[in-house]
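For reference, start-v5.tsv (TSV, C-alpha atoms):
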chain	number	residue	atom	x	y	z
A	1	MET	CA	127.70	105.59	143.77
A	2	GLN	CA	129.26	103.22	141.26
A	3	LEU	CA	126.32	101.87	139.29
A	4	PRO	CA	126.20	98.15	138.56
A	5	ASP	CA	126.51	96.79	135.05
A	6	ILE	CA	123.34	95.54	133.42
A	7	ASN	CA	122.93	91.93	132.35
A	8	ARG	CA	122.46	92.36	128.59
A	9	ASP	CA	120.95	88.95	127.89
A	10	GLU	CA	118.58	89.15	130.86
A	11	CYS	CA	117.37	92.62	129.84
A	12	LEU	CA	116.76	91.50	126.26
A	13	ASN	CA	114.98	88.35	127.43
A	14	THR	CA	112.65	90.43	129.66
A	15	LEU	CA	111.59	92.49	126.64
A	16	SER	CA	111.29	89.50	124.31
A	17	LYS	CA	109.01	87.62	126.73
A	18	LEU	CA	106.73	90.66	127.10
A	19	VAL	CA	106.47	90.98	123.31
A	20	GLN	CA	105.47	87.32	123.08
A	21	ILE	CA	102.22	88.11	124.93
A	22	LYS	CA	99.50	89.06	122.44
A	23	SER	CA	98.02	92.00	124.34
A	24	TYR	CA	95.77	93.73	121.86
A	25	SER	CA	93.86	96.57	123.45
A	26	GLN	CA	90.49	95.54	124.91
A	27	THR	CA	91.27	91.80	124.84
A	28	ASP	CA	92.14	89.21	127.49
A	29	GLY	CA	95.75	89.61	126.41
A	30	GLU	CA	95.82	92.79	128.51
A	31	LEU	CA	95.08	90.63	131.58
A	32	GLU	CA	97.90	88.27	130.69
A	33	ALA	CA	100.42	91.08	130.14
A	34	THR	CA	99.61	92.91	133.38
A	35	SER	CA	99.59	89.64	135.35
A	36	HIS	CA	102.98	88.80	133.83
A	37	MET	CA	104.48	92.13	134.91
A	38	ALA	CA	102.92	91.75	138.37
A	39	ALA	CA	104.58	88.34	138.72
A	40	LEU	CA	107.96	89.79	137.70
A	41	MET	CA	107.62	92.64	140.21
A	42	ARG	CA	106.64	90.26	143.01
A	43	ALA	CA	109.61	88.05	142.21
A	44	ILE	CA	112.05	90.89	142.90
A	45	GLY	CA	110.30	91.93	146.11
A	46	LEU	CA	108.19	94.93	145.10
A	47	GLU	CA	104.88	95.61	146.84
A	48	THR	CA	102.66	94.56	143.97
A	49	GLU	CA	98.97	94.96	143.24
A	50	LEU	CA	96.66	94.18	140.35
A	51	VAL	CA	93.97	96.86	140.21
A	52	PRO	CA	90.80	95.89	138.30
A	53	PHE	CA	88.50	98.34	136.55
A	54	ASP	CA	85.70	98.28	133.99
A	55	LYS	CA	83.68	95.86	136.16
A	56	GLY	CA	86.68	93.57	136.51
A	57	LYS	CA	87.15	93.04	132.78
A	58	ARG	CA	90.44	94.96	132.70
A	59	GLN	CA	93.28	95.57	135.12
A	60	ASN	CA	96.42	97.61	135.73
A	61	ALA	CA	99.53	96.49	137.60
A	62	ILE	CA	101.43	98.56	140.18
A	63	GLY	CA	104.69	97.76	141.91
A	64	ILE	CA	106.27	99.91	144.63
A	65	TRP	CA	109.89	99.76	145.71
A	66	LYS	CA	109.46	101.34	149.11
A	67	GLY	CA	112.01	103.94	150.07
A	68	THR	CA	113.84	103.81	153.39
A	69	GLY	CA	112.26	107.13	154.37
A	70	ALA	CA	115.68	108.35	155.44
A	71	ILE	CA	115.18	111.77	153.88
A	72	SER	CA	117.30	114.50	155.45
A	73	SER	CA	115.53	117.35	157.22
A	74	ASN	CA	118.43	119.65	156.34
A	75	THR	CA	116.70	122.79	155.14
A	76	SER	CA	119.77	123.79	153.16
A	77	LEU	CA	118.95	121.09	150.62
A	78	ASP	CA	117.36	122.66	147.53
A	79	ARG	CA	114.62	121.34	145.28
A	80	TYR	CA	117.24	119.66	143.09
A	81	SER	CA	118.70	117.49	145.85
A	82	THR	CA	115.85	116.47	148.21
A	83	PRO	CA	114.85	112.85	147.43
A	84	LYS	CA	111.49	112.52	145.69
A	85	SER	CA	109.42	109.53	144.69
A	86	LEU	CA	109.62	108.59	141.03
A	87	LEU	CA	106.69	107.15	139.06
A	88	PHE	CA	107.24	105.26	135.83
A	89	ASN	CA	104.20	104.97	133.56
A	90	GLY	CA	103.79	102.71	130.55
A	91	HIS	CA	101.09	100.77	128.72
A	92	VAL	CA	101.15	97.12	127.69
A	93	ASP	CA	98.18	97.16	125.28
A	94	THR	CA	99.13	97.22	121.60
A	95	ASN	CA	97.77	98.06	118.19
A	96	PRO	CA	96.63	95.17	115.98
A	97	VAL	CA	98.99	93.67	113.44
A	98	SER	CA	98.64	95.29	110.01
A	99	GLU	CA	99.38	93.88	106.57
A	100	GLY	CA	103.00	93.74	105.43
A	101	TRP	CA	104.69	91.86	108.26
A	102	THR	CA	107.47	89.51	107.18
A	103	ILE	CA	108.25	88.07	110.64
A	104	ASP	CA	106.15	86.58	113.43
A	105	PRO	CA	104.83	89.60	115.38
A	106	TRP	CA	104.85	87.62	118.65
A	107	GLU	CA	108.14	85.76	118.38
A	108	GLY	CA	110.05	88.47	120.25
A	109	LYS	CA	112.87	88.00	117.75
A	110	ILE	CA	116.30	89.34	118.70
A	111	ASP	CA	119.13	89.82	116.23
A	112	ALA	CA	122.42	91.73	116.43
A	113	ASP	CA	120.78	95.16	116.24
A	114	PHE	CA	117.05	95.00	117.02
A	115	VAL	CA	114.25	93.40	119.00
A	116	TYR	CA	111.15	92.87	116.83
A	117	GLY	CA	107.45	92.50	117.44
A	118	ILE	CA	104.08	94.19	117.67
A	119	GLY	CA	104.16	96.75	120.47
A	120	VAL	CA	107.91	96.50	121.02
A	121	SER	CA	108.31	100.19	120.21
A	122	ASN	CA	104.86	101.33	121.37
A	123	MET	CA	105.71	100.70	124.13
A	124	LYS	CA	106.82	97.43	125.64
A	125	SER	CA	110.52	98.36	125.39
A	126	GLY	CA	109.89	101.32	127.70
A	127	CYS	CA	107.97	99.06	130.10
A	128	ALA	CA	110.76	96.48	130.17
A	129	ALA	CA	113.42	99.20	130.54
A	130	TYR	CA	112.19	100.62	133.82
A	131	PHE	CA	111.57	97.16	135.27
A	132	SER	CA	115.10	96.12	134.29
A	133	ALA	CA	116.55	99.30	135.83
A	134	VAL	CA	114.86	98.58	139.17
A	135	LYS	CA	115.78	94.90	139.09
A	136	THR	CA	119.45	95.72	138.44
A	137	LEU	CA	119.67	98.30	141.23
A	138	LYS	CA	117.84	96.06	143.67
A	139	ALA	CA	120.08	93.09	142.93
A	140	ALA	CA	123.13	95.28	143.59
A	141	GLY	CA	121.85	96.06	147.10
A	142	TRP	CA	121.08	99.75	146.57
A	143	ARG	CA	118.04	101.18	148.40
A	144	PRO	CA	116.15	104.36	147.51
A	145	LYS	CA	115.21	106.87	150.19
A	146	ALA	CA	111.95	107.73	148.40
A	147	ASP	CA	109.59	105.33	146.64
A	148	VAL	CA	110.01	104.06	143.09
A	149	ILE	CA	106.60	103.28	141.59
A	150	LEU	CA	106.16	101.14	138.48
A	151	THR	CA	102.81	101.24	136.70
A	152	TYR	CA	101.76	98.99	133.82
A	153	VAL	CA	98.44	100.18	132.45
A	154	VAL	CA	96.04	99.10	129.73
A	155	GLY	CA	93.60	101.06	127.60
A	156	GLU	CA	96.09	103.73	126.64
A	157	LEU	CA	94.91	103.29	123.07
A	158	GLN	CA	91.36	104.20	124.15
A	159	GLY	CA	92.42	107.59	125.47
A	160	GLY	CA	94.28	106.44	128.56
A	161	VAL	CA	91.39	104.81	130.41
A	162	GLY	CA	93.80	102.65	132.45
A	163	THR	CA	95.72	105.57	133.92
A	164	LEU	CA	92.45	107.43	134.47
A	165	ALA	CA	91.17	104.40	136.41
A	166	LEU	CA	94.24	104.48	138.69
A	167	ILE	CA	93.57	108.17	139.33
A	168	ALA	CA	89.87	107.57	139.98
A	169	ASP	CA	90.72	104.74	142.42
A	170	GLY	CA	93.16	106.98	144.30
A	171	LYS	CA	96.14	104.78	143.46
A	172	LEU	CA	97.66	107.86	141.82
A	173	SER	CA	96.69	110.99	143.73
A	174	ALA	CA	97.32	114.69	144.13
A	175	ASP	CA	99.09	113.90	147.41
A	176	LEU	CA	101.50	111.67	145.51
A	177	ALA	CA	101.95	114.38	142.88
A	178	ARG	CA	103.22	116.80	145.52
A	179	SER	CA	106.06	114.48	146.49
A	180	ALA	CA	106.80	112.73	143.19
A	181	CYS	CA	107.60	113.24	139.55
A	182	PHE	CA	107.08	110.88	136.63
A	183	VAL	CA	108.57	109.45	133.48
A	184	ASN	CA	106.11	108.41	130.79
A	185	CYS	CA	108.01	106.02	128.54
A	186	GLU	CA	106.27	106.56	125.21
A	187	PRO	CA	108.71	106.02	122.33
A	188	SER	CA	110.90	109.08	121.83
A	189	ASP	CA	114.17	107.48	120.68
A	190	ILE	CA	115.31	108.26	124.28
A	191	ARG	CA	115.06	112.00	123.67
A	192	ALA	CA	113.48	114.21	126.35
A	193	VAL	CA	110.09	115.46	125.14
A	194	THR	CA	108.92	118.45	127.19
A	195	MET	CA	105.59	119.05	125.45
A	196	HIS	CA	103.02	117.19	123.44
A	197	ALA	CA	99.73	118.11	121.87
A	198	GLU	CA	96.13	117.50	122.78
A	199	ALA	CA	93.89	115.96	120.11
A	200	LEU	CA	90.39	116.44	118.83
A	201	THR	CA	88.55	114.68	116.03
A	202	PHE	CA	86.41	116.67	113.62
A	203	GLU	CA	83.92	115.86	110.87
A	204	ILE	CA	83.01	118.10	107.95
A	205	GLU	CA	80.08	117.45	105.64
A	206	LEU	CA	80.04	119.42	102.40
A	207	HIS	CA	76.66	119.86	100.70
A	208	GLY	CA	76.67	120.78	97.02
A	209	ARG	CA	74.32	120.58	94.07
A	210	THR	CA	74.21	117.59	91.73
A	211	ARG	CA	73.83	117.61	87.95
A	212	HIS	CA	74.53	115.09	85.24
A	213	LEU	CA	78.07	115.43	83.94
A	214	SER	CA	76.64	116.94	80.75
A	215	ALA	CA	75.58	119.95	82.83
A	216	ARG	CA	78.30	119.96	85.45
A	217	GLU	CA	78.84	123.70	84.96
A	218	GLU	CA	75.58	124.16	86.89
A	219	ALA	CA	76.66	121.85	89.73
A	220	ALA	CA	78.36	122.55	93.04
A	221	ASP	CA	80.80	119.64	93.20
A	222	ALA	CA	81.33	118.50	96.78
A	223	ILE	CA	84.33	116.35	95.85
A	224	LEU	CA	86.09	119.24	94.10
A	225	ALA	CA	85.46	121.40	97.15
A	226	ALA	CA	86.96	118.70	99.35
A	227	CYS	CA	90.02	118.52	97.10
A	228	GLU	CA	90.51	122.25	97.58
A	229	LEU	CA	89.86	122.09	101.32
A	230	ILE	CA	92.08	119.18	102.38
A	231	PRO	CA	95.47	120.76	101.55
A	232	ARG	CA	94.45	123.91	103.41
A	233	LEU	CA	93.53	121.86	106.46
A	234	ASP	CA	96.86	120.03	106.27
A	235	ARG	CA	98.73	123.38	106.40
A	236	MET	CA	96.86	124.76	109.41
A	237	VAL	CA	98.50	126.33	112.45
A	238	PHE	CA	95.99	127.32	115.10
A	239	ASN	CA	95.60	130.67	116.80
A	240	GLY	CA	96.47	131.28	120.44
A	241	ALA	CA	99.83	129.50	120.71
A	242	ARG	CA	101.77	130.85	123.69
A	243	SER	CA	105.09	130.74	121.84
A	244	PRO	CA	106.67	129.52	118.59
A	245	GLU	CA	107.61	126.36	120.53
A	246	HIS	CA	103.94	125.77	121.38
A	247	ALA	CA	102.97	126.32	117.75
A	248	ARG	CA	105.27	123.42	116.83
A	249	CYS	CA	102.69	121.11	118.44
A	250	ASN	CA	100.06	122.19	115.88
A	251	ARG	CA	99.06	119.81	113.13
A	252	CYS	CA	95.90	118.97	111.20
A	253	GLN	CA	95.40	115.77	109.23
A	254	VAL	CA	92.48	114.43	107.18
A	255	GLY	CA	92.19	110.66	107.37
A	256	VAL	CA	88.73	109.93	105.92
A	257	VAL	CA	87.11	111.20	102.71
A	258	HIS	CA	83.90	109.88	101.15
A	259	GLY	CA	82.03	111.67	98.40
A	260	ALA	CA	78.98	110.47	96.45
A	261	LEU	CA	75.25	111.16	96.01
A	262	GLY	CA	72.93	112.17	98.80
A	263	LYS	CA	73.08	111.58	102.53
A	264	GLU	CA	73.35	107.85	101.85
A	265	LEU	CA	76.47	108.48	99.72
A	266	SER	CA	75.15	106.26	96.93
A	267	GLU	CA	77.94	105.16	94.62
A	268	TRP	CA	76.05	103.43	91.81
A	269	ARG	CA	75.67	106.55	89.63
A	270	PRO	CA	79.18	107.94	88.92
A	271	PRO	CA	78.04	110.06	85.90
A	272	GLN	CA	76.43	112.46	88.36
A	273	VAL	CA	78.36	115.17	90.21
A	274	ALA	CA	78.69	114.31	93.91
A	275	ASP	CA	76.58	116.58	96.08
A	276	VAL	CA	77.81	115.30	99.47
A	277	CYS	CA	81.33	114.73	100.72
A	278	ARG	CA	82.23	113.73	104.26
A	279	ILE	CA	85.64	114.40	105.71
A	280	ALA	CA	87.01	113.33	109.09
A	281	GLY	CA	90.32	114.32	110.56
A	282	SER	CA	92.34	115.04	113.66
A	283	ALA	CA	93.73	118.31	114.98
A	284	ARG	CA	96.65	118.54	117.42
A	285	TYR	CA	97.09	121.65	119.53
A	286	ALA	CA	99.33	122.85	122.33
A	287	PRO	CA	98.82	123.56	126.03
A	288	GLY	CA	97.02	126.89	126.31
A	289	GLN	CA	95.11	126.47	123.07
A	290	THR	CA	91.48	125.34	123.36
A	291	GLN	CA	89.04	123.04	121.59
A	292	GLU	CA	86.79	126.00	120.98
A	293	GLY	CA	89.60	127.99	119.39
A	294	VAL	CA	90.64	125.10	117.17
A	295	MET	CA	87.07	124.47	116.03
A	296	GLY	CA	86.71	128.18	115.28
A	297	ASP	CA	89.89	128.13	113.17
A	298	LEU	CA	88.64	125.07	111.30
A	299	ARG	CA	85.30	126.76	110.64
A	300	GLY	CA	87.10	129.78	109.17
A	301	VAL	CA	89.10	127.68	106.72
A	302	VAL	CA	86.07	125.66	105.61
A	303	ASP	CA	84.02	128.84	105.21
A	304	ASP	CA	86.70	130.37	102.97
A	305	VAL	CA	86.68	127.34	100.67
A	306	VAL	CA	82.89	127.02	100.54
A	307	ARG	CA	82.59	130.64	99.40
A	308	GLU	CA	84.62	129.71	96.32
A	309	PHE	CA	81.94	127.17	95.29
A	310	PRO	CA	78.54	128.87	94.71
A	311	GLY	CA	75.72	126.73	96.02
A	312	MET	CA	77.95	124.90	98.52
A	313	SER	CA	77.25	124.73	102.27
A	314	PHE	CA	78.76	122.73	105.11
A	315	GLU	CA	78.34	121.27	108.59
A	316	LEU	CA	81.29	121.08	111.01
A	317	ARG	CA	81.12	118.80	114.05
A	318	GLN	CA	83.47	117.75	116.79
A	319	ARG	CA	83.46	114.03	117.44
A	320	PHE	CA	83.60	113.57	121.20
A	321	GLU	CA	85.66	110.55	122.18
A	322	PRO	CA	88.35	109.82	124.78
A	323	THR	CA	91.54	111.76	123.99
A	324	MET	CA	94.76	112.64	125.78
A	325	PRO	CA	95.19	116.09	127.32
A	326	ALA	CA	98.18	118.19	126.34
A	327	PHE	CA	101.34	118.00	128.45
A	328	GLU	CA	104.28	120.31	129.12
A	329	VAL	CA	107.15	120.74	131.55
A	330	SER	CA	109.83	123.39	131.96
A	331	ARG	CA	113.28	122.52	130.67
A	332	ASP	CA	114.52	123.74	134.06
A	333	ALA	CA	112.44	121.18	135.98
A	334	ARG	CA	114.37	118.79	138.16
A	335	ILE	CA	113.17	115.70	136.30
A	336	VAL	CA	114.32	117.17	132.98
A	337	ARG	CA	117.72	118.22	134.27
A	338	ALA	CA	118.26	114.85	135.95
A	339	LEU	CA	117.30	112.95	132.81
A	340	ASN	CA	119.56	115.17	130.67
A	341	GLN	CA	122.46	114.40	133.00
A	342	ALA	CA	121.72	110.67	132.95
A	343	TYR	CA	121.76	110.71	129.14
A	344	LYS	CA	125.06	112.61	129.12
A	345	ASP	CA	126.61	110.19	131.61
A	346	VAL	CA	125.61	107.24	129.42
A	347	ARG	CA	126.29	108.66	125.95
A	348	GLY	CA	128.76	111.47	126.54
A	349	THR	CA	126.70	114.02	124.65
A	350	GLU	CA	123.79	116.37	125.27
A	351	GLN	CA	120.30	114.86	125.18
A	352	PRO	CA	117.96	116.27	122.52
A	353	THR	CA	115.31	118.06	124.57
A	354	GLY	CA	112.19	120.08	123.81
A	355	VAL	CA	109.16	119.97	121.50
A	356	LEU	CA	110.39	117.13	119.33
A	357	ALA	CA	108.57	115.54	116.39
A	358	PRO	CA	107.06	113.07	115.96
A	359	THR	CA	106.52	112.50	119.69
A	360	CYS	CA	105.13	116.00	120.25
A	361	PHE	CA	102.12	115.00	118.10
A	362	TYR	CA	101.39	111.87	120.13
A	363	GLY	CA	98.90	111.61	122.92
A	364	SER	CA	100.17	109.99	126.10
A	365	ASP	CA	99.20	109.29	129.67
A	366	ALA	CA	101.61	112.07	130.60
A	367	GLY	CA	98.71	114.38	129.74
A	368	HIS	CA	96.48	112.77	132.38
A	369	LEU	CA	99.18	112.86	135.06
A	370	TYR	CA	99.84	116.51	134.24
A	371	LYS	CA	96.24	117.69	133.92
A	372	SER	CA	94.47	115.58	136.55
A	373	LEU	CA	97.19	115.55	139.22
A	374	GLY	CA	99.43	118.51	138.40
A	375	MET	CA	102.41	116.16	138.51
A	376	GLU	CA	105.72	117.21	137.00
A	377	GLY	CA	107.22	114.76	134.55
A	378	ILE	CA	108.88	114.02	131.24
A	379	VAL	CA	108.21	111.79	128.21
A	380	CYS	CA	111.17	109.60	127.29
A	381	GLY	CA	111.47	106.02	126.12
A	382	PRO	CA	113.18	103.72	123.62
A	383	GLY	CA	111.65	103.14	120.22
A	384	GLY	CA	110.07	105.65	117.91
A	385	LYS	CA	111.66	105.64	114.50
A	386	TYR	CA	110.23	102.17	113.69
A	387	ASN	CA	106.98	102.72	115.57
A	388	THR	CA	103.56	101.40	114.49
A	389	ARG	CA	104.49	99.81	111.18
A	390	PRO	CA	105.09	96.34	109.75
A	391	ASP	CA	108.08	94.56	111.33
A	392	GLU	CA	108.02	97.02	114.24
A	393	LYS	CA	111.35	97.00	116.05
A	394	VAL	CA	113.49	98.82	118.58
A	395	ASP	CA	117.23	99.50	118.55
A	396	ILE	CA	119.00	97.29	121.09
A	397	VAL	CA	121.52	100.03	121.82
A	398	ASP	CA	118.75	102.52	122.62
A	399	TYR	CA	116.91	100.02	124.81
A	400	LEU	CA	119.99	99.11	126.85
A	401	ASP	CA	121.11	102.73	127.15
A	402	CYS	CA	117.61	103.64	128.34
A	403	ILE	CA	117.94	101.12	131.18
A	404	ARG	CA	121.26	102.69	132.16
A	405	MET	CA	119.69	106.15	132.03
A	406	PHE	CA	116.75	105.09	134.19
A	407	MET	CA	119.09	103.58	136.78
A	408	ARG	CA	120.93	106.89	137.07
A	409	LEU	CA	117.66	108.80	137.17
A	410	ILE	CA	116.33	106.66	140.04
A	411	VAL	CA	119.51	107.20	142.06
A	412	ASP	CA	119.47	110.94	141.38
A	413	ILE	CA	115.75	111.57	142.08
A	414	CYS	CA	115.07	109.04	144.85
A	415	GLY	CA	118.29	109.54	146.80
Render the structure in this file as structure tokens.
Amino acid sequence: MQLPDINRDECLNTLSKLVQIKSYSQTDGELEATSHMAALMRAIGLETELVPFDKGKRQNAIGIWKGTGAISSNTSLDRYSTPKSLLFNGHVDTNPVSEGWTIDPWEGKIDADFVYGIGVSNMKSGCAAYFSAVKTLKAAGWRPKADVILTYVVGELQGGVGTLALIADGKLSADLARSACFVNCEPSDIRAVTMHAEALTFEIELHGRTRHLSAREEAADAILAACELIPRLDRMVFNGARSPEHARCNRCQVGVVHGALGKELSEWRPPQVADVCRIAGSARYAPGQTQEGVMGDLRGVVDDVVREFPGMSFELRQRFEPTMPAFEVSRDARIVRALNQAYKDVRGTEQPTGVLAPTCFYGSDAGHLYKSLGMEGIVCGPGGKYNTRPDEKVDIVDYLDCIRMFMRLIVDICG
């Protein structure tokens, strides 16, 4: 079919208005943002529902563009041509505003090249893109044969609790997974990300031996040991990767260091050698690698360093908190091939596809859809290069091209 043109100003206005809603994670702004998207979906005729969770304090929004059901029973159709339902998944909760902003984070400012605001890259531009794609196709009179499902979730920044709530409530189910595929619209600069890591948080406590600086030769300096350890942790690649491509999802980063005296980490006596240093960090690992394997690798590195400091010992702990499972999909999957073709139709060049940094180190709700439901999908959305920083912004060209790509993808997948 000849696809309709998008209304540039209308698409930009949809994104700007969503950015203007202050929807910090775990605040009432989440309710406002999901209610806003529900109202937009109702206005264009989607079957729309607000789904509460967490004792009614939070909610997700779902809109369904029902397919005609006119799916051919021709058995000669292969898995690349039979219409399937298509689920779009995105979150409307945002990080808090940091220091360093020079513009109003909630103005939804638009200039010649960018749309600005907190959450515009992560990931309100993706959310607005798939709504705009559906709105444009619907206004043109096109009808899908299979369902198009739009989800706007909250709590992604707490490990994806919103998507998990939809799964627990049966709104997203294994039955759906058998007849559908998904696009998770985390910021990827509209590249096709076929794998991302799982995360765990670890804590290391180094225990040394204090002395006054006059006798530091007799000490076991916990801070010096930490200084030796941290670069080794940063260079880690974990055992058990299924392939070099899987190993590209491996990364270890220390984000917290605190060394001082005693378990209380007393800081008032700097002439003494620190005998305790606490380190906290995050490890990212690929599908097929395990938490137990990663913790074992971490223990080996710490043990090697501690042996270089006589009198030093350590404790290693995993901090258990909500995290995203790993995700992967074959490059030969229908959703990947269809998205690649949509990109090529829009931009006239091949879409970057694979284990692509930095997105491969993110967590996303794609992991929950993949692990909990076994659903096939892809991670692709506008934004990325200006993600999670002061004056966050998204390229207008990428945003509009993403809408065009999603329109083609809907027509291809849903028939």
Polymer residues at most 7 Å from A:Arg319, only C-alpha atoms, same-chain spacing of 3 or more positions, as number ranges by chain: A: 201-203
Spatial neighbours of stretch 341-343 of chain A, max dist 12 Å, only C-alpha atoms, sep filter under 2 positions, as a PyMOL selection string: chain A and resi 3+189-192+334-339+345-353+380-381+398+400-413
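Each of A:Gly384, A:Thr34, A:Phe53, A:Met375 was checked against A:Val161 using only C-alpha atoms; the smallest atom-to-atom distance is that of A:Phe53.
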Long-range neighbours of stretch 211-224 of chain A as a list of chain:residue names, 7 Å cut-off, all atoms listed in the file, 2 positions minimum in chain: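 That gives A:Leu206, A:His207, A:Gly208, A:Arg209, A:Ala226, A:Cys227, A:Glu228, A:Gly259, A:Pro271, A:Gln272, A:Val273, A:Ala274, A:Asp275, A:Val276, A:Cys277, A:Phe309, A:Pro310, A:Gly311, A:Met312.
Atom pair atom CA of A:His258 / atom CA of A:Arg278 has a distance of 5.2 Å (rounded to one decimal).
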For atom CA of A:His36 and atom CA of A:Glu10, the interatomic separation in Å (one decimal):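 So the answer is 15.9 Å.
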Box for stretch 2-13 of chain A - axis-aligned, 8 Å on each of the six sides, all listed atoms - centre and size in Å to one decimal, as JSON.
{"center_x": 122.1, "center_y": 95.8, "center_z": 133.8, "size_x": 30.3, "size_y": 30.9, "size_z": 31.0}
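Counting from atom CA of A:Phe320, the distance to atom CA of A:Leu200 is 7.7 Å.
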Long-range neighbours of A:Gly288 as an MDAnalysis selection string, 8 Å cut-off, all atoms listed in the file, 4 positions minimum in chain: chainID A and resid 240:242
Distance criterion (all atoms listed in the file): nearest to A:Leu369 out of A:Lys344, A:Lys138, A:Lys55, A:Arg178: A:Arg178
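With distances restricted to only C-alpha atoms, A:Ala140 is the closest residue to A:Asp5 from A:Leu166, A:Leu176, A:Ala140, A:Val254.
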Distance criterion (all atoms listed in the file): nearest to A:Thr136 out of A:Gly281, A:Gly67, A:Asn60, A:Ile6: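 Using all atoms listed in the file, the shortest distance to A:Thr136 belongs to A:Ile6.
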A:Asp93, A:Glu315, A:Glu198, A:Glu308 ranked by distance to A:Ala283, top pick (using all atoms listed in the file):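 With all atoms listed in the file as the atom set, the closest residue is A:Glu198.
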9 Å contact set for A:Arg235, all atoms listed in the file, chain neighbours under 5 positions out, as number ranges by chain: A: 230, 251-253
Can I get the selected residues back with C-alpha atoms, as a short mmCIF file (atom, residue, chain, number, x, y, z; two decimals), keeping the file's coordinate frame?
data_model
loop_
_atom_site.label_atom_id
_atom_site.label_comp_id
_atom_site.auth_asym_id
_atom_site.auth_seq_id
_atom_site.Cartn_x
_atom_site.Cartn_y
_atom_site.Cartn_z
CA ILE A 230 92.08 119.18 102.38
CA ARG A 251 99.06 119.81 113.13
CA CYS A 252 95.90 118.97 111.20
CA GLN A 253 95.40 115.77 109.23
#
Write out as a Markdown table the residues of stretch 24-77 of chain A that have any atom within 9 Å of an atom of stretch 143-159 of chain A, one row each with the nearest atom pair and its distance in Å to one decimal, counting all atoms listed in the file, sorted by chain and then rising number.
| residue | atom | partner | partner_atom | distance |
| --- | --- | --- | --- | --- |
| A:Ser25 | CA | A:Gly155 | CA | 6.1 |
| A:Gln26 | CA | A:Gly155 | CA | 6.9 |
| A:Glu30 | CA | A:Val154 | CA | 6.4 |
| A:Leu31 | CA | A:Val154 | CA | 8.7 |
| A:Ala33 | CA | A:Tyr152 | CA | 8.8 |
| A:Thr34 | CA | A:Tyr152 | CA | 6.5 |
| A:Met37 | CA | A:Tyr152 | CA | 7.5 |
| A:Ala38 | CA | A:Tyr152 | CA | 8.6 |
| A:Met41 | CA | A:Leu150 | CA | 8.8 |
| A:Arg58 | CA | A:Val154 | CA | 7.6 |
| A:Gln59 | CA | A:Val154 | CA | 7.0 |
| A:Asn60 | CA | A:Val153 | CA | 4.6 |
| A:Ala61 | CA | A:Tyr152 | CA | 5.1 |
| A:Ile62 | CA | A:Thr151 | CA | 4.6 |
| A:Gly63 | CA | A:Leu150 | CA | 5.0 |
| A:Ile64 | CA | A:Ile149 | CA | 4.6 |
| A:Trp65 | CA | A:Val148 | CA | 5.0 |
| A:Lys66 | CA | A:Asp147 | CA | 4.7 |
| A:Gly67 | CA | A:Ala146 | CA | 4.1 |
| A:Thr68 | CA | A:Lys145 | CA | 4.6 |
| A:Gly69 | CA | A:Lys145 | CA | 5.1 |
| A:Ala70 | CA | A:Lys145 | CA | 5.5 |
| A:Ile71 | CA | A:Lys145 | CA | 6.1 |
Residue list as a list in words for point (111.9, 94.7, 127.9), cut-off 6 Å, all atoms listed in the file: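 Within the cut-off we find Thr14, Leu15, Ser125, Ala128 and Ala129 of chain A.
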Take the point (103.4, 107.4, 133.6) in the file's coordinates, draw a sphere of radius 10 Å around it, and report as a tab-separated table (two decimals) with C-alpha atoms, in the frame of the given file every protein, DNA or RNA residue with an atom inside or on it, counting all atoms listed in the file.
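Final output, saved to selection_17.tsv:
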chain	number	residue	atom	x	y	z
A	86	LEU	CA	109.62	108.59	141.03
A	87	LEU	CA	106.69	107.15	139.06
A	88	PHE	CA	107.24	105.26	135.83
A	89	ASN	CA	104.20	104.97	133.56
A	90	GLY	CA	103.79	102.71	130.55
A	91	HIS	CA	101.09	100.77	128.72
A	149	ILE	CA	106.60	103.28	141.59
A	150	LEU	CA	106.16	101.14	138.48
A	151	THR	CA	102.81	101.24	136.70
A	152	TYR	CA	101.76	98.99	133.82
A	153	VAL	CA	98.44	100.18	132.45
A	163	THR	CA	95.72	105.57	133.92
A	181	CYS	CA	107.60	113.24	139.55
A	182	PHE	CA	107.08	110.88	136.63
A	183	VAL	CA	108.57	109.45	133.48
A	184	ASN	CA	106.11	108.41	130.79
A	185	CYS	CA	108.01	106.02	128.54
A	186	GLU	CA	106.27	106.56	125.21
A	364	SER	CA	100.17	109.99	126.10
A	365	ASP	CA	99.20	109.29	129.67
A	366	ALA	CA	101.61	112.07	130.60
A	367	GLY	CA	98.71	114.38	129.74
A	368	HIS	CA	96.48	112.77	132.38
A	369	LEU	CA	99.18	112.86	135.06
A	370	TYR	CA	99.84	116.51	134.24
A	377	GLY	CA	107.22	114.76	134.55
A	378	ILE	CA	108.88	114.02	131.24
A	379	VAL	CA	108.21	111.79	128.21
Closest of A:Glu107, A:Asp9, A:Glu321, A:Glu376 to A:Val120 - atom-to-atom distances counting only C-alpha atoms: A:Glu107
